[in-house]
Structure formats: structure tokens, C-alpha cells
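**Student:** Coordinates in query-v4.json, JSON, C-alpha atoms, are listed below.
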```
[["chain", "number", "residue", "atom", "x", "y", "z"],
["A", 11, "MET", "CA", 111.94, 92.74, 134.19],
["A", 12, "ASP", "CA", 108.41, 93.79, 135.12],
["A", 13, "LYS", "CA", 108.95, 97.21, 133.55],
["A", 14, "LYS", "CA", 110.15, 95.61, 130.32],
["A", 15, "ILE", "CA", 107.12, 93.33, 130.18],
["A", 16, "PHE", "CA", 104.79, 96.21, 130.99],
["A", 17, "ASN", "CA", 106.26, 98.23, 128.11],
["A", 18, "ILE", "CA", 105.74, 95.27, 125.78],
["A", 19, "TRP", "CA", 102.11, 95.14, 126.91],
["A", 20, "LEU", "CA", 101.69, 98.86, 126.18],
["A", 21, "GLU", "CA", 103.07, 98.22, 122.70],
["A", 22, "SER", "CA", 100.50, 95.46, 122.15],
["A", 23, "ILE", "CA", 97.74, 97.88, 123.18],
["A", 24, "GLU", "CA", 99.01, 100.46, 120.69],
["A", 25, "LYS", "CA", 98.79, 97.75, 118.02],
["A", 26, "GLU", "CA", 95.24, 96.91, 119.22],
["A", 27, "GLU", "CA", 96.21, 93.32, 120.01],
["A", 28, "ALA", "CA", 94.07, 91.58, 122.62],
["A", 29, "SER", "CA", 96.20, 90.48, 125.56],
["A", 30, "VAL", "CA", 96.37, 89.95, 129.32],
["A", 31, "TYR", "CA", 98.93, 91.50, 131.65],
["A", 32, "ALA", "CA", 99.28, 89.39, 134.83],
["A", 33, "LYS", "CA", 101.26, 90.78, 137.77],
["A", 34, "VAL", "CA", 101.89, 89.44, 141.27],
["A", 35, "LEU", "CA", 100.64, 91.82, 143.95],
["A", 36, "THR", "CA", 102.90, 92.24, 146.96],
["A", 37, "THR", "CA", 103.30, 94.72, 149.80],
["A", 38, "GLU", "CA", 106.95, 93.84, 150.33],
["A", 39, "THR", "CA", 109.15, 96.75, 149.32],
["A", 40, "ASN", "CA", 112.09, 94.67, 148.14],
["A", 41, "ALA", "CA", 110.09, 91.82, 146.68],
["A", 42, "LYS", "CA", 110.94, 90.67, 143.17],
["A", 43, "GLN", "CA", 108.39, 91.93, 140.68],
["A", 44, "ARG", "CA", 106.92, 89.11, 138.60],
["A", 45, "ALA", "CA", 104.71, 89.58, 135.57],
["A", 46, "MET", "CA", 103.74, 88.06, 132.26],
["A", 47, "ILE", "CA", 101.84, 88.91, 129.08],
["A", 48, "ILE", "CA", 99.49, 86.39, 127.52],
["A", 49, "LYS", "CA", 98.14, 86.71, 123.97],
["A", 50, "GLU", "CA", 94.99, 85.23, 122.43],
["A", 51, "ASP", "CA", 96.83, 82.27, 120.94],
["A", 52, "GLY", "CA", 98.22, 81.31, 124.35],
["A", 53, "THR", "CA", 101.78, 82.45, 123.74],
["A", 54, "PHE", "CA", 103.27, 84.38, 126.64],
["A", 55, "ILE", "CA", 106.28, 86.31, 127.85],
["A", 56, "GLY", "CA", 107.60, 86.32, 131.42],
["A", 57, "SER", "CA", 106.59, 84.38, 134.53],
["A", 58, "ILE", "CA", 104.68, 85.16, 137.72],
["A", 59, "HIS", "CA", 105.76, 82.18, 139.85],
["A", 60, "ASN", "CA", 106.47, 78.70, 138.45],
["A", 61, "GLU", "CA", 105.50, 76.56, 135.49],
["A", 62, "ALA", "CA", 102.33, 75.17, 137.10],
["A", 63, "ILE", "CA", 100.97, 78.60, 138.13],
["A", 64, "ASP", "CA", 102.00, 80.12, 134.81],
["A", 65, "GLU", "CA", 100.00, 77.44, 132.97],
["A", 66, "GLN", "CA", 96.94, 78.19, 135.09],
["A", 67, "VAL", "CA", 97.25, 81.90, 134.29],
["A", 68, "VAL", "CA", 97.63, 81.18, 130.57],
["A", 69, "THR", "CA", 94.54, 78.94, 130.57],
["A", 70, "LEU", "CA", 92.54, 81.53, 132.50],
["A", 71, "SER", "CA", 93.70, 84.33, 130.20],
["A", 72, "LYS", "CA", 92.65, 82.46, 127.04],
["A", 73, "GLU", "CA", 89.18, 81.93, 128.52],
["A", 74, "ILE", "CA", 88.90, 85.61, 129.46],
["A", 75, "LEU", "CA", 89.98, 86.80, 126.02],
["A", 76, "ASN", "CA", 87.21, 84.68, 124.48],
["A", 77, "GLU", "CA", 84.60, 86.59, 126.48],
["A", 78, "LYS", "CA", 82.69, 89.35, 124.73],
["A", 79, "ASN", "CA", 83.38, 92.06, 127.29],
["A", 80, "PRO", "CA", 86.07, 90.94, 129.76],
["A", 81, "SER", "CA", 87.11, 93.05, 132.73],
["A", 82, "SER", "CA", 90.20, 93.17, 134.93],
["A", 83, "PHE", "CA", 90.24, 91.51, 138.36],
["A", 84, "THR", "CA", 92.46, 89.98, 141.06],
["A", 85, "LYS", "CA", 92.84, 86.20, 141.27],
["A", 86, "VAL", "CA", 94.17, 84.28, 144.29],
["A", 87, "PHE", "CA", 96.22, 81.13, 143.59],
["A", 88, "PRO", "CA", 96.90, 78.69, 146.47],
["A", 89, "LEU", "CA", 100.53, 77.53, 146.72],
["A", 90, "ASP", "CA", 101.93, 74.19, 147.88],
["A", 91, "ASP", "CA", 103.38, 75.70, 151.05],
["A", 92, "GLY", "CA", 99.95, 76.84, 152.24],
["A", 93, "THR", "CA", 100.41, 80.48, 151.27],
["A", 94, "GLU", "CA", 98.57, 82.34, 148.53],
["A", 95, "LEU", "CA", 99.62, 84.29, 145.49],
["A", 96, "GLN", "CA", 97.56, 87.35, 144.58],
["A", 97, "VAL", "CA", 97.70, 88.11, 140.87],
["A", 98, "PHE", "CA", 96.21, 91.14, 139.17],
["A", 99, "ILE", "CA", 94.78, 90.18, 135.77],
["A", 100, "ASP", "CA", 94.59, 93.25, 133.54],
["A", 101, "VAL", "CA", 92.69, 92.61, 130.32],
["A", 102, "TYR", "CA", 92.87, 94.51, 127.06],
["A", 103, "LYS", "CA", 90.51, 93.68, 124.25],
["A", 104, "PRO", "CA", 90.14, 96.25, 121.47],
["A", 105, "GLN", "CA", 86.75, 97.68, 120.62],
["A", 106, "PRO", "CA", 85.21, 95.71, 117.74],
["A", 107, "ASN", "CA", 85.40, 97.12, 114.24],
["A", 108, "VAL", "CA", 82.16, 97.55, 112.32],
["A", 109, "VAL", "CA", 82.13, 96.92, 108.58],
["A", 110, "ILE", "CA", 79.09, 98.45, 106.89],
["A", 111, "PHE", "CA", 78.13, 97.39, 103.37],
["A", 112, "GLY", "CA", 76.12, 100.19, 101.77],
["A", 113, "ALA", "CA", 76.64, 103.95, 101.60],
["A", 114, "GLY", "CA", 73.04, 105.02, 101.22],
["A", 115, "HIS", "CA", 71.49, 108.03, 102.93],
["A", 116, "ASP", "CA", 70.41, 106.01, 105.97],
["A", 117, "ALA", "CA", 73.98, 104.79, 106.52],
["A", 118, "ILE", "CA", 75.07, 108.34, 107.41],
["A", 119, "PRO", "CA", 73.48, 108.41, 110.91],
["A", 120, "VAL", "CA", 74.48, 104.77, 111.51],
["A", 121, "VAL", "CA", 78.15, 105.61, 110.95],
["A", 122, "ASP", "CA", 77.77, 108.77, 113.02],
["A", 123, "PHE", "CA", 76.22, 107.09, 116.07],
["A", 124, "ILE", "CA", 78.36, 103.94, 116.17],
["A", 125, "SER", "CA", 81.51, 106.04, 115.73],
["A", 126, "LYS", "CA", 80.49, 108.25, 118.65],
["A", 127, "VAL", "CA", 80.27, 105.26, 121.01],
["A", 128, "GLY", "CA", 83.77, 104.12, 120.09],
["A", 129, "PHE", "CA", 83.46, 101.60, 117.26],
["A", 130, "LYS", "CA", 85.94, 101.92, 114.41],
["A", 131, "THR", "CA", 83.81, 102.01, 111.27],
["A", 132, "ILE", "CA", 84.70, 100.79, 107.79],
["A", 133, "LEU", "CA", 82.26, 101.62, 104.99],
["A", 134, "VAL", "CA", 82.20, 99.44, 101.86],
["A", 135, "ASP", "CA", 80.40, 100.52, 98.70],
["A", 136, "GLN", "CA", 81.22, 100.26, 95.02],
["A", 137, "ARG", "CA", 79.86, 103.73, 94.24],
["A", 138, "PRO", "CA", 82.55, 106.42, 94.61],
["A", 139, "GLY", "CA", 79.94, 109.17, 94.34],
["A", 140, "TYR", "CA", 78.22, 107.87, 97.49],
["A", 141, "ASN", "CA", 81.22, 106.56, 99.41],
["A", 142, "THR", "CA", 82.83, 109.94, 100.02],
["A", 143, "LYS", "CA", 84.69, 111.64, 102.85],
["A", 144, "GLU", "CA", 82.16, 114.47, 102.82],
["A", 145, "ARG", "CA", 79.28, 112.08, 103.55],
["A", 146, "PHE", "CA", 81.20, 109.79, 105.91],
["A", 147, "PRO", "CA", 83.98, 111.79, 107.60],
["A", 148, "LYS", "CA", 84.18, 109.39, 110.58],
["A", 149, "ALA", "CA", 84.58, 106.19, 108.58],
["A", 150, "GLU", "CA", 87.38, 104.46, 106.78],
["A", 151, "ARG", "CA", 86.06, 104.07, 103.26],
["A", 152, "ILE", "CA", 86.62, 101.21, 100.83],
["A", 153, "VAL", "CA", 85.36, 101.46, 97.27],
["A", 154, "ALA", "CA", 84.98, 97.85, 96.16],
["A", 155, "ARG", "CA", 82.77, 95.48, 94.23],
["A", 156, "SER", "CA", 82.06, 92.00, 95.55],
["A", 157, "ASN", "CA", 84.89, 90.42, 93.58],
["A", 158, "ASP", "CA", 87.27, 92.79, 95.39],
["A", 159, "TYR", "CA", 86.07, 91.96, 98.92],
["A", 160, "ALA", "CA", 88.60, 89.20, 99.58],
["A", 161, "GLU", "CA", 91.48, 91.52, 98.67],
["A", 162, "LYS", "CA", 90.26, 94.80, 100.15],
["A", 163, "VAL", "CA", 87.95, 93.98, 103.10],
["A", 164, "THR", "CA", 89.19, 92.35, 106.30],
["A", 165, "ILE", "CA", 86.67, 90.68, 108.60],
["A", 166, "ASN", "CA", 87.90, 88.83, 111.67],
["A", 167, "LYS", "CA", 86.34, 87.54, 114.90],
["A", 168, "ASN", "CA", 86.49, 91.07, 116.31],
["A", 169, "THR", "CA", 84.46, 92.52, 113.44],
["A", 170, "TYR", "CA", 80.73, 93.22, 113.40],
["A", 171, "VAL", "CA", 79.05, 93.43, 110.00],
["A", 172, "ILE", "CA", 76.06, 95.52, 108.93],
["A", 173, "ILE", "CA", 74.52, 94.94, 105.50],
["A", 174, "MET", "CA", 72.36, 97.77, 104.19],
["A", 175, "ASN", "CA", 72.89, 98.10, 100.46],
["A", 176, "HIS", "CA", 69.16, 98.34, 99.62],
["A", 177, "HIS", "CA", 70.02, 96.11, 96.65],
["A", 178, "MET", "CA", 69.21, 92.39, 96.65],
["A", 179, "GLU", "CA", 72.20, 91.20, 94.64],
["A", 180, "ARG", "CA", 74.72, 93.35, 96.54],
["A", 181, "ASP", "CA", 73.20, 92.29, 99.87],
["A", 182, "GLU", "CA", 73.42, 88.66, 98.76],
["A", 183, "GLU", "CA", 77.11, 89.05, 97.86],
["A", 184, "ALA", "CA", 77.89, 90.89, 101.10],
["A", 185, "LEU", "CA", 76.09, 88.30, 103.25],
["A", 186, "ALA", "CA", 77.82, 85.39, 101.49],
["A", 187, "PHE", "CA", 81.18, 87.08, 102.09],
["A", 188, "ALA", "CA", 80.36, 87.77, 105.76],
["A", 189, "LEU", "CA", 79.18, 84.20, 106.36],
["A", 190, "ASP", "CA", 82.53, 82.91, 105.08],
["A", 191, "SER", "CA", 84.26, 85.04, 107.72],
["A", 192, "PRO", "CA", 84.48, 84.53, 111.52],
["A", 193, "ALA", "CA", 82.37, 87.64, 112.22],
["A", 194, "PRO", "CA", 80.25, 86.93, 115.33],
["A", 195, "TYR", "CA", 77.56, 89.48, 114.44],
["A", 196, "ILE", "CA", 76.03, 90.03, 110.99],
["A", 197, "GLY", "CA", 73.19, 92.53, 110.95],
["A", 198, "VAL", "CA", 70.96, 92.61, 107.87],
["A", 199, "LEU", "CA", 68.63, 95.54, 107.27],
["A", 200, "GLY", "CA", 65.10, 94.76, 106.17],
["A", 201, "PRO", "CA", 62.30, 92.35, 107.08],
["A", 202, "LYS", "CA", 62.69, 88.63, 107.73],
["A", 203, "SER", "CA", 61.09, 87.74, 104.39],
["A", 204, "ARG", "CA", 63.81, 89.65, 102.54],
["A", 205, "ARG", "CA", 66.53, 87.91, 104.55],
["A", 206, "GLU", "CA", 65.05, 84.53, 103.64],
["A", 207, "ARG", "CA", 65.08, 85.43, 99.95],
["A", 208, "ILE", "CA", 68.74, 86.41, 100.20],
["A", 209, "ILE", "CA", 69.62, 83.17, 101.98],
["A", 210, "ARG", "CA", 67.77, 81.12, 99.35],
["A", 211, "ALA", "CA", 69.68, 82.93, 96.61],
["A", 212, "ILE", "CA", 73.00, 82.16, 98.35],
["A", 213, "GLU", "CA", 72.06, 78.49, 98.66],
["A", 214, "GLU", "CA", 71.02, 78.33, 95.02],
["A", 215, "ARG", "CA", 74.56, 79.40, 94.17],
["A", 216, "GLY", "CA", 75.84, 76.31, 96.00],
["A", 217, "ARG", "CA", 76.78, 77.78, 99.38],
["A", 218, "SER", "CA", 74.76, 76.10, 102.15],
["A", 219, "VAL", "CA", 73.69, 78.28, 105.08],
["A", 220, "SER", "CA", 73.66, 76.22, 108.26],
["A", 221, "ASP", "CA", 71.72, 76.82, 111.47],
["A", 222, "LYS", "CA", 75.01, 77.90, 113.04],
["A", 223, "ASP", "CA", 75.41, 80.47, 110.27],
["A", 224, "LYS", "CA", 71.90, 81.75, 110.87],
["A", 225, "GLU", "CA", 72.61, 82.24, 114.58],
["A", 226, "ARG", "CA", 75.08, 84.98, 113.60],
["A", 227, "ILE", "CA", 72.54, 86.80, 111.45],
["A", 228, "TYR", "CA", 70.60, 89.54, 113.25],
["A", 229, "ASN", "CA", 67.53, 90.47, 111.26],
["A", 230, "PRO", "CA", 65.50, 92.56, 111.47],
["A", 231, "ILE", "CA", 68.46, 94.55, 112.71],
["A", 232, "GLY", "CA", 68.33, 96.69, 115.87],
["A", 233, "LEU", "CA", 66.53, 96.74, 119.19],
["A", 234, "ASP", "CA", 62.74, 97.01, 119.17],
["A", 235, "ILE", "CA", 62.20, 100.66, 120.19],
["A", 236, "GLY", "CA", 59.63, 101.58, 117.57],
["A", 237, "ALA", "CA", 62.24, 103.31, 115.38],
["A", 238, "ARG", "CA", 60.91, 104.96, 112.23],
["A", 239, "THR", "CA", 63.24, 107.73, 111.04],
["A", 240, "PRO", "CA", 66.81, 107.06, 109.80],
["A", 241, "GLU", "CA", 68.17, 108.59, 113.01],
["A", 242, "GLU", "CA", 65.93, 106.45, 115.24],
["A", 243, "ILE", "CA", 66.86, 103.34, 113.28],
["A", 244, "ALA", "CA", 70.54, 104.24, 113.65],
["A", 245, "ILE", "CA", 70.09, 104.52, 117.43],
["A", 246, "SER", "CA", 68.34, 101.16, 117.45],
["A", 247, "ILE", "CA", 71.20, 99.54, 115.53],
["A", 248, "THR", "CA", 73.84, 101.17, 117.71],
["A", 249, "ALA", "CA", 72.06, 100.00, 120.86],
["A", 250, "GLU", "CA", 71.99, 96.43, 119.53],
["A", 251, "LEU", "CA", 75.73, 96.52, 118.82],
["A", 252, "ILE", "CA", 76.41, 97.73, 122.37],
["A", 253, "ALA", "CA", 74.13, 95.04, 123.84],
["A", 254, "PHE", "CA", 75.78, 92.32, 121.77],
["A", 255, "LYS", "CA", 79.30, 93.47, 122.67],
["A", 256, "ASN", "CA", 78.46, 93.52, 126.38],
["A", 257, "GLY", "CA", 76.53, 90.26, 126.35],
["A", 258, "TYR", "CA", 73.19, 91.86, 127.24],
["A", 259, "PRO", "CA", 69.79, 91.00, 125.73],
["A", 260, "GLY", "CA", 68.57, 94.61, 125.71],
["A", 261, "GLY", "CA", 65.22, 95.69, 127.16],
["A", 262, "PHE", "CA", 63.86, 98.07, 129.76],
["A", 263, "LEU", "CA", 65.60, 98.68, 133.08],
["A", 264, "LYS", "CA", 62.22, 99.39, 134.70],
["A", 265, "ASP", "CA", 61.98, 97.71, 138.13],
["A", 266, "SER", "CA", 65.46, 96.25, 137.72],
["A", 267, "LYS", "CA", 67.37, 96.04, 141.00],
["A", 268, "TYR", "CA", 70.65, 96.80, 139.26],
["A", 269, "ILE", "CA", 71.56, 99.18, 136.47],
["A", 270, "HIS", "CA", 74.68, 97.23, 135.57],
["A", 271, "ARG", "CA", 75.28, 93.49, 135.72],
["A", 272, "GLU", "CA", 78.58, 94.04, 137.54],
["A", 273, "SER", "CA", 76.64, 95.37, 140.56],
["A", 274, "ALA", "CA", 74.83, 92.04, 140.91],
["A", 275, "LEU", "CA", 78.04, 90.10, 140.49],
["A", 276, "ARG", "CA", 79.79, 92.08, 143.23],
["A", 277, "GLU", "CA", 76.90, 91.44, 145.62],
["A", 278, "ASN", "CA", 77.01, 87.72, 144.89],
["A", 279, "ILE", "CA", 80.74, 87.63, 145.51],
["A", 280, "THR", "CA", 80.48, 89.46, 148.80]]
```
Can the structure from this file be put into C-alpha cells for me?
**Tutor:**
Amino acid sequence: MDKKIFNIWLESIEKEEASVYAKVLTTETNAKQRAMIIKEDGTFIGSIHNEAIDEQVVTLSKEILNEKNPSSFTKVFPLDDGTELQVFIDVYKPQPNVVIFGAGHDAIPVVDFISKVGFKTILVDQRPGYNTKERFPKAERIVARSNDYAEKVTINKNTYVIIMNHHMERDEEALAFALDSPAPYIGVLGPKSRRERIIRAIEERGRSVSDKDKERIYNPIGLDIGARTPEEIAISITAELIAFKNGYPGGFLKDSKYIHRESALRENIT
């Protein structure tokens, strides 16, 4: 049964579906293998012990899958008979997709760098002469105007958005579309004053932009590293995406006791 469930989990990974594979750890050679798969919506297959423990694992798994950058770990569950159940929680959450609106010259290094660090990149621009395979060989390309976005562009809660059209009206349309989606990160190129003009234009069209909406907007986009050239700006943007995905604020590591947060967590646990 465990092998069947494990194969189902591998299939979900191939489909890039976020899920948790929970398996009872045992040193007994002839012990019955117990495992289950839990998806983001809480549906599950299999069982690791009984209904009460299974419910705890499902609840825990849903919380983990809502984290930005979850990691696998072992969880100990106390049983009614005084013994304990060790369960390995293996987490799979696909790398976020990045949808970039704008195929200008400065988008070329952005696509290049974010693709190199593992993000799947989708480039959206209405200009077929700019949105070409030759200019963006590492991106999926969608030639679309704003009235085609709903049909051609998919943005979900695992999608980061970058808006860099260098065109006020197209940026306004892209931002309005992104705000109507569940995207957790919406980066807008340009100064704060330009962002405010775009937001005012959206509101004048009848679409209110709430404080909660504004929390998702990252502008000026990128980490503050003094970037000037298109390549430096692309590195700055890529670094911000990595920091956001991992739940880090960015900044210097100078005088930091730990290079990675996990090192501090392990010390606290031990």
C-alpha cells in the first residue's frame, strides 16, 4: 500500500501539485508500512494510524503547505497507550512561476537571471516583434493585449508578477489584472510616484485598491544594492524574488551568527 501511495505522490510531483507525503517511521522489519498523501485542499489518500492521528496530520500538512518555503521534517505524535508514533513529513511545493509583463530590452537579463535560479518564467507582451524566442529563449511567451489576459494568462497563488512595460496604460492594465488575481507578489518597475499615478488611474476606472492590495505591491522593485545597469537591476529583482519566496527580508549577512535561518532553528531545538 505504501508503495502505491508513494507512486501517487511521485505523480503529483510530476504534475507540479503541492502535496505532503506522510510516512510512519519504524525499525521493525515486518511492520506494516503506513503512509498518506495530503493535498492543499485537505483531501488525502491513505492512513498512517487512526482517524484522530490522520486528522492531526492533515491539519498540520495544510498549515505547512501555506508556508512560503516549507521543509521536510519528522513529527512525533503521542498515542493513547503511552507510546509514540514517529512520522516523516515530506513536503513538495513547486517553485513559483513568474509572469513578466513587458518584453523590453531590460526584461532580457531579468528573464535570464530568474530562470537560472529555477523560476519558470512566462513573458507577456502584445508586440510579436519584441516577444520572440530569439530574445527570450528561456521563457514561455504569450502575445496578448489586456483584453486577452483573462483567456491567455494564468495567475494563481503560486505566481509572482513583474510589471515592466515602460508604458503607463499597459502597466495600469497589467496591475489591475494582477490585483484581481491571488498573486502574493506584484513587483512594479519604476519610482513610487509612478506607481501612485497608476493606482489612481485604476481607481478612476472604478476599481478600488485597498491597503491589503497595496501590501502585495513591491515598488520600487528589487533589493537596494545600488543597481544601475539592466544586469544589476535584474540581479536586484531576482534577489528580491528569492528573499520573498524564502521569507527573508534581505540585507547584509555581515556580523550575522548564522548564514541560514535553519541553523538558528536547529540550535533552538537542540
**Student:** Mind running stretch 176-199 of chain A against stretch 144-168 of chain A at 8 Å and telling me each contacting residue's nearest atom pair with the distance in Å (one decimal), counting only C-alpha atoms, chain and number ascending, as a tab-separated table?
**Tutor:**
```
residue	atom	partner	partner_atom	distance
A:Arg180	CA	A:Ser156	CA	7.5
A:Glu183	CA	A:Ser156	CA	6.2
A:Ala184	CA	A:Ser156	CA	7.0
A:Phe187	CA	A:Tyr159	CA	7.6
A:Ala188	CA	A:Ile165	CA	7.5
A:Ser191	CA	A:Ile165	CA	6.2
A:Pro192	CA	A:Lys167	CA	4.9
A:Ala193	CA	A:Lys167	CA	4.8
A:Pro194	CA	A:Lys167	CA	6.1
```
**Student:** Using all atoms listed in the file, which of A:Ala28, A:Met46, A:Leu95, A:Ile252 sits nearest A:Leu75?
**Tutor:** A:Ala28
**Student:** Which is closest to A:Asp100 among A:Ile63, A:Leu185, A:Leu20, A:Ile231, if we use all atoms listed in the file?
**Tutor:** A:Leu20
**Student:** Can you measure atom CA of A:Asp90 to atom CA of A:Ile74 for me? One decimal in Å is fine.
**Tutor:**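 Taking atom CA of A:Asp90 and atom CA of A:Ile74, their separation equals 25.3 Å.
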**Student:** Centre and edge lengths of an axis-aligned box around all listed atoms of stretch 27-38 of chain A, with 3 Å added on each side, are to be given in Å to one decimal, as JSON.
**Tutor:**
```
{"center_x": 100.5, "center_y": 92.1, "center_z": 135.2, "size_x": 18.9, "size_y": 11.3, "size_z": 36.3}
```
**Student:** Using Å and a single decimal, report how far atom CA of A:Val30 sits from atom CA of A:Ile47.
**Tutor:**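 Going from atom CA of A:Ile47 over to atom CA of A:Val30 covers 5.6 Å.
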**Student:** Identify, on the basis of all atoms listed in the file, every residue whose closest approach to A:Phe16 does not exceed 12 Å; exclude the query and any residue fewer than 5 positions from it along the same chain; express the result as a list in words.
**Tutor:** Met11, Glu21, Ser22, Ile23, Ser29, Val30, Tyr31, Ala32, Lys33, Gln43, Arg44, Ala45, Met46, Ile47, Ile48, Ile55, Gly56 and Asp100 of chain A
**Student:** Would you kindly return, as a PDB file with C-alpha atoms, in the coordinates of the input, each protein, DNA or RNA residue with an atom no farther than 7 Å from any atom of stretch 115-124 of chain A, considering only C-alpha atoms and excluding same-chain residues fewer than 3 positions away?
**Tutor:**
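This is the output file around.pdb:
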```pdb
ATOM      1  CA  GLY A 112      76.120 100.190 101.770  1.00  0.00           C
ATOM      2  CA  VAL A 127      80.270 105.260 121.010  1.00  0.00           C
ATOM      3  CA  GLY A 128      83.770 104.120 120.090  1.00  0.00           C
ATOM      4  CA  PHE A 129      83.460 101.600 117.260  1.00  0.00           C
ATOM      5  CA  THR A 131      83.810 102.010 111.270  1.00  0.00           C
ATOM      6  CA  ARG A 145      79.280 112.080 103.550  1.00  0.00           C
ATOM      7  CA  PHE A 146      81.200 109.790 105.910  1.00  0.00           C
ATOM      8  CA  LYS A 148      84.180 109.390 110.580  1.00  0.00           C
ATOM      9  CA  ALA A 149      84.580 106.190 108.580  1.00  0.00           C
ATOM     10  CA  PRO A 240      66.810 107.060 109.800  1.00  0.00           C
ATOM     11  CA  GLU A 241      68.170 108.590 113.010  1.00  0.00           C
ATOM     12  CA  ALA A 244      70.540 104.240 113.650  1.00  0.00           C
ATOM     13  CA  ILE A 245      70.090 104.520 117.430  1.00  0.00           C
ATOM     14  CA  THR A 248      73.840 101.170 117.710  1.00  0.00           C
TER      15      THR A 248
END
```
**Student:** What is the distance between atom CA of A:Gly260 and atom CA of A:Val219, in Å to one decimal?
**Tutor:** 26.8 Å
**Student:** I need the residue nearest A:Trp19 from this list: A:Lys85, A:Lys264, A:Arg210, A:Lys103. Use all atoms listed in the file for the distance.
**Tutor:**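 Of A:Lys85, A:Lys264, A:Arg210, A:Lys103, the one nearest A:Trp19 is A:Lys103, counting all atoms listed in the file.
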